Amino acid sequence: MKILKILMFTLLIAAMPVIGSASEVAKTSGGIKAVLNVDPAKSMVDLYLSDSKTQKEISGAKVKAAITLPNGEKVEKELMGMKMGDSFSFMNTLDMSRKGSYIFDITVDLGKTTHKFNFHYDV
């Protein structure tokens with residue numbers, strides 16, 4: 001029985017880096033809600049956009065991200081829109097193997113209006 005408890009504890013500790021590895025932050029600007037989901041384990045960045053009043057998904061946007069890496073280097077990425085399951089997000093990959101702060105300056109172009117969002121993420 002003691003060996004089983006030790007084994008269960010070891011498995012729990014081993015799974016901890018995977019549990020909660022993704023982080024989600026929401027911001028609102030000009031009636032648009034942006035939710036950034038960062039998952040360094042999968043090297044994925046997802047941005048979910050919706051109307052802040054109606055909660056209706058926004059899929060017809062052009063989204064660009066200027067990302068400042070922990071070493072100060074800047075990377076620009078276009079976040080491509082894609083429907084996965086029941087939700088639509090704008091996504092791309094990003095090497096997040098460096099420890100430190102990542103700064104995401106995101107521009108959302110909706111044709112007649114442009115919205116800017118700034119997110120910070122620490123690895």
# chains A, B, ... in the order shown; residues from 1 in each chain; ligands from 1
call {"tool": "residues_around", "arguments": {"residues": "Ser29 of chain A", "least_positions_apart": "5", "cutoff": "9 Å", "atoms": "only C-alpha atoms", "output": "short mmCIF file (atom, residue, chain, number, x, y, z; two decimals) with C-alpha atoms, in the first residue's frame"}}
result
data_model
loop_
_atom_site.label_atom_id
_atom_site.label_comp_id
_atom_site.auth_asym_id
_atom_site.auth_seq_id
_atom_site.Cartn_x
_atom_site.Cartn_y
_atom_site.Cartn_z
CA ALA A 34 -9.46 39.44 -26.83
CA SER A 52 -17.79 42.22 -25.71
CA HIS A 115 -7.73 47.48 -32.15
CA LYS A 116 -4.51 47.03 -30.21
CA PHE A 117 -3.94 44.68 -27.28
#
call {"tool": "residues_around", "arguments": {"residues": "Lys53 of chain A", "least_positions_apart": "5", "cutoff": "10 Å", "atoms": "only C-alpha atoms", "output": "list in words"}}
result
Gly31, Ile32 and Lys33 of chain A
call {"tool": "residues_around", "arguments": {"residues": "Glu78 of chain A", "least_positions_apart": "3", "cutoff": "8 Å", "atoms": "only C-alpha atoms", "output": "ChimeraX atom specification"}}
result
/A:63-65,92
call {"tool": "residues_around", "arguments": {"residues": "Asp105 of chain A", "least_positions_apart": "2", "cutoff": "10 Å", "atoms": "only C-alpha atoms", "output": "mmCIF file with N, CA and C atoms, in the first residue's frame"}}
result
data_model
loop_
_atom_site.group_PDB
_atom_site.id
_atom_site.type_symbol
_atom_site.label_atom_id
_atom_site.label_comp_id
_atom_site.auth_asym_id
_atom_site.auth_seq_id
_atom_site.Cartn_x
_atom_site.Cartn_y
_atom_site.Cartn_z
ATOM 1 N N LYS A 64 -2.145 40.511 -36.398
ATOM 2 C CA LYS A 64 -0.683 40.441 -36.399
ATOM 3 C C LYS A 64 -0.190 40.595 -34.969
ATOM 4 N N ALA A 65 0.889 39.897 -34.670
ATOM 5 C CA ALA A 65 1.495 39.977 -33.340
ATOM 6 C C ALA A 65 2.967 40.352 -33.481
ATOM 7 N N ALA A 66 3.370 41.385 -32.745
ATOM 8 C CA ALA A 66 4.785 41.736 -32.615
ATOM 9 C C ALA A 66 5.177 41.254 -31.222
ATOM 10 N N ILE A 67 6.078 40.292 -31.167
ATOM 11 C CA ILE A 67 6.420 39.639 -29.904
ATOM 12 C C ILE A 67 7.850 39.988 -29.536
ATOM 13 N N THR A 68 8.014 40.487 -28.313
ATOM 14 C CA THR A 68 9.352 40.751 -27.790
ATOM 15 C C THR A 68 9.734 39.565 -26.921
ATOM 16 N N GLU A 76 7.829 39.080 -35.569
ATOM 17 C CA GLU A 76 6.483 39.414 -36.038
ATOM 18 C C GLU A 76 5.844 38.176 -36.646
ATOM 19 N N TYR A 102 7.707 37.420 -22.129
ATOM 20 C CA TYR A 102 7.337 37.581 -23.524
ATOM 21 C C TYR A 102 6.273 38.674 -23.564
ATOM 22 N N ILE A 103 6.440 39.635 -24.458
ATOM 23 C CA ILE A 103 5.478 40.725 -24.593
ATOM 24 C C ILE A 103 4.818 40.594 -25.957
ATOM 25 N N THR A 107 -2.241 43.480 -33.012
ATOM 26 C CA THR A 107 -3.067 44.412 -33.777
ATOM 27 C C THR A 107 -4.153 43.614 -34.480
ATOM 28 N N LYS A 116 -5.823 47.473 -30.668
ATOM 29 C CA LYS A 116 -4.509 47.028 -30.205
ATOM 30 C C LYS A 116 -4.644 46.458 -28.804
ATOM 31 N N PHE A 117 -3.942 45.355 -28.576
ATOM 32 C CA PHE A 117 -3.938 44.683 -27.283
ATOM 33 C C PHE A 117 -2.490 44.381 -26.907
ATOM 34 N N ASN A 118 -2.192 44.494 -25.628
ATOM 35 C CA ASN A 118 -0.846 44.213 -25.127
ATOM 36 C C ASN A 118 -0.971 43.177 -24.028
ATOM 37 N N PHE A 119 -0.227 42.076 -24.168
ATOM 38 C CA PHE A 119 -0.236 41.004 -23.194
ATOM 39 C C PHE A 119 1.197 40.691 -22.770
ATOM 40 N N HIS A 120 1.378 40.298 -21.513
ATOM 41 C CA HIS A 120 2.671 39.843 -20.998
ATOM 42 C C HIS A 120 2.511 38.388 -20.555
#
call {"tool": "closest_residue", "arguments": {"among": "A:Gly81, A:Val75, A:Ser23, A:Leu69", "to": "Leu49 of chain A", "atoms": "only C-alpha atoms"}}
result
A:Gly81
call {"tool": "closest_residue", "arguments": {"among": "A:Lys56, A:Lys62, A:Lys27, A:Lys74", "to": "Met91 of chain A", "atoms": "only C-alpha atoms"}}
result
A:Lys62
call {"tool": "closest_residue", "arguments": {"among": "A:Ser50, A:Thr113, A:Ser101, A:Ser89", "to": "Asn37 of chain A", "atoms": "only C-alpha atoms"}}
result
A:Ser89
call {"tool": "select_by_dssp", "arguments": {"residues": "chain A", "states": "strand (DSSP E or B)", "output": "JSON, numbers by chain"}}
result
{"A": [23, 24, 25, 26, 27, 28, 29, 32, 33, 34, 35, 36, 37, 38, 39, 44, 45, 46, 47, 48, 49, 50, 51, 57, 62, 63, 64, 65, 66, 67, 68, 74, 75, 76, 77, 78, 79, 80, 81, 82, 83, 84, 87, 88, 89, 90, 91, 92, 93, 101, 102, 103, 104, 105, 106, 107, 108, 109, 114, 115, 116, 117, 118, 119, 120, 121, 122]}
call {"tool": "residues_around", "arguments": {"residues": "Ser97 of chain A", "least_positions_apart": "4", "cutoff": "12 Å", "atoms": "only C-alpha atoms", "output": "list in words"}}
result
Asp39, Pro40, Ala41, Lys42, Ser43, Met44, Leu69, Pro70, Asn71, Ser101, Tyr102, Asp122 and Val123 of chain A
call {"tool": "closest_residue", "arguments": {"among": "A:Thr114, A:Gln55, A:Gly100, A:Tyr48", "to": "Met82 of chain A", "atoms": "only C-alpha atoms"}}
result
A:Tyr48
call {"tool": "select_by_dssp", "arguments": {"residues": "segment 2-119 of chain A", "states": "helix (DSSP H, G or I)", "output": "VMD selection string"}}
result
chain A and resid 2 to 15 40 to 42
call {"tool": "write_last_selection", "arguments": {"atoms": "C-alpha atoms", "output": "compact mmCIF listing (two decimals), in the first residue's frame"}}
result
# COMPACT_ATOMS: atom_id res chain seq x y z
CA LYS A 2 2.85 2.37 0.83
CA ILE A 3 4.48 1.67 -2.54
CA LEU A 4 1.19 2.49 -4.29
CA LYS A 5 1.01 5.86 -2.45
CA ILE A 6 4.59 6.66 -3.40
CA LEU A 7 3.91 5.73 -7.01
CA MET A 8 0.76 7.89 -7.13
CA PHE A 9 2.63 10.85 -5.59
CA THR A 10 5.49 10.44 -8.09
CA LEU A 11 3.05 10.39 -11.02
CA LEU A 12 1.30 13.50 -9.72
CA ILE A 13 4.59 15.38 -9.41
CA ALA A 14 5.67 14.25 -12.89
CA ALA A 15 2.38 15.49 -14.38
CA PRO A 40 4.64 26.93 -24.18
CA ALA A 41 4.56 23.11 -23.96
CA LYS A 42 2.96 23.01 -27.42
call {"tool": "atom_distance", "arguments": {"atom1": "atom CA of Gly111 of chain A", "atom2": "atom CA of Ile58 of chain A"}}
result
12.4 Å
call {"tool": "closest_residue", "arguments": {"among": "A:Asp51, A:Asp109, A:Glu57, A:Asp46", "to": "Leu94 of chain A", "atoms": "only C-alpha atoms"}}
result
A:Asp46
call {"tool": "atom_distance", "arguments": {"atom1": "atom CA of Met80 of chain A", "atom2": "atom CA of Lys99 of chain A"}}
result
25.7 Å
call {"tool": "closest_residue", "arguments": {"among": "A:Val38, A:Tyr121, A:Gly30, A:Thr93", "to": "Lys77 of chain A", "atoms": "only C-alpha atoms"}}
result
A:Thr93
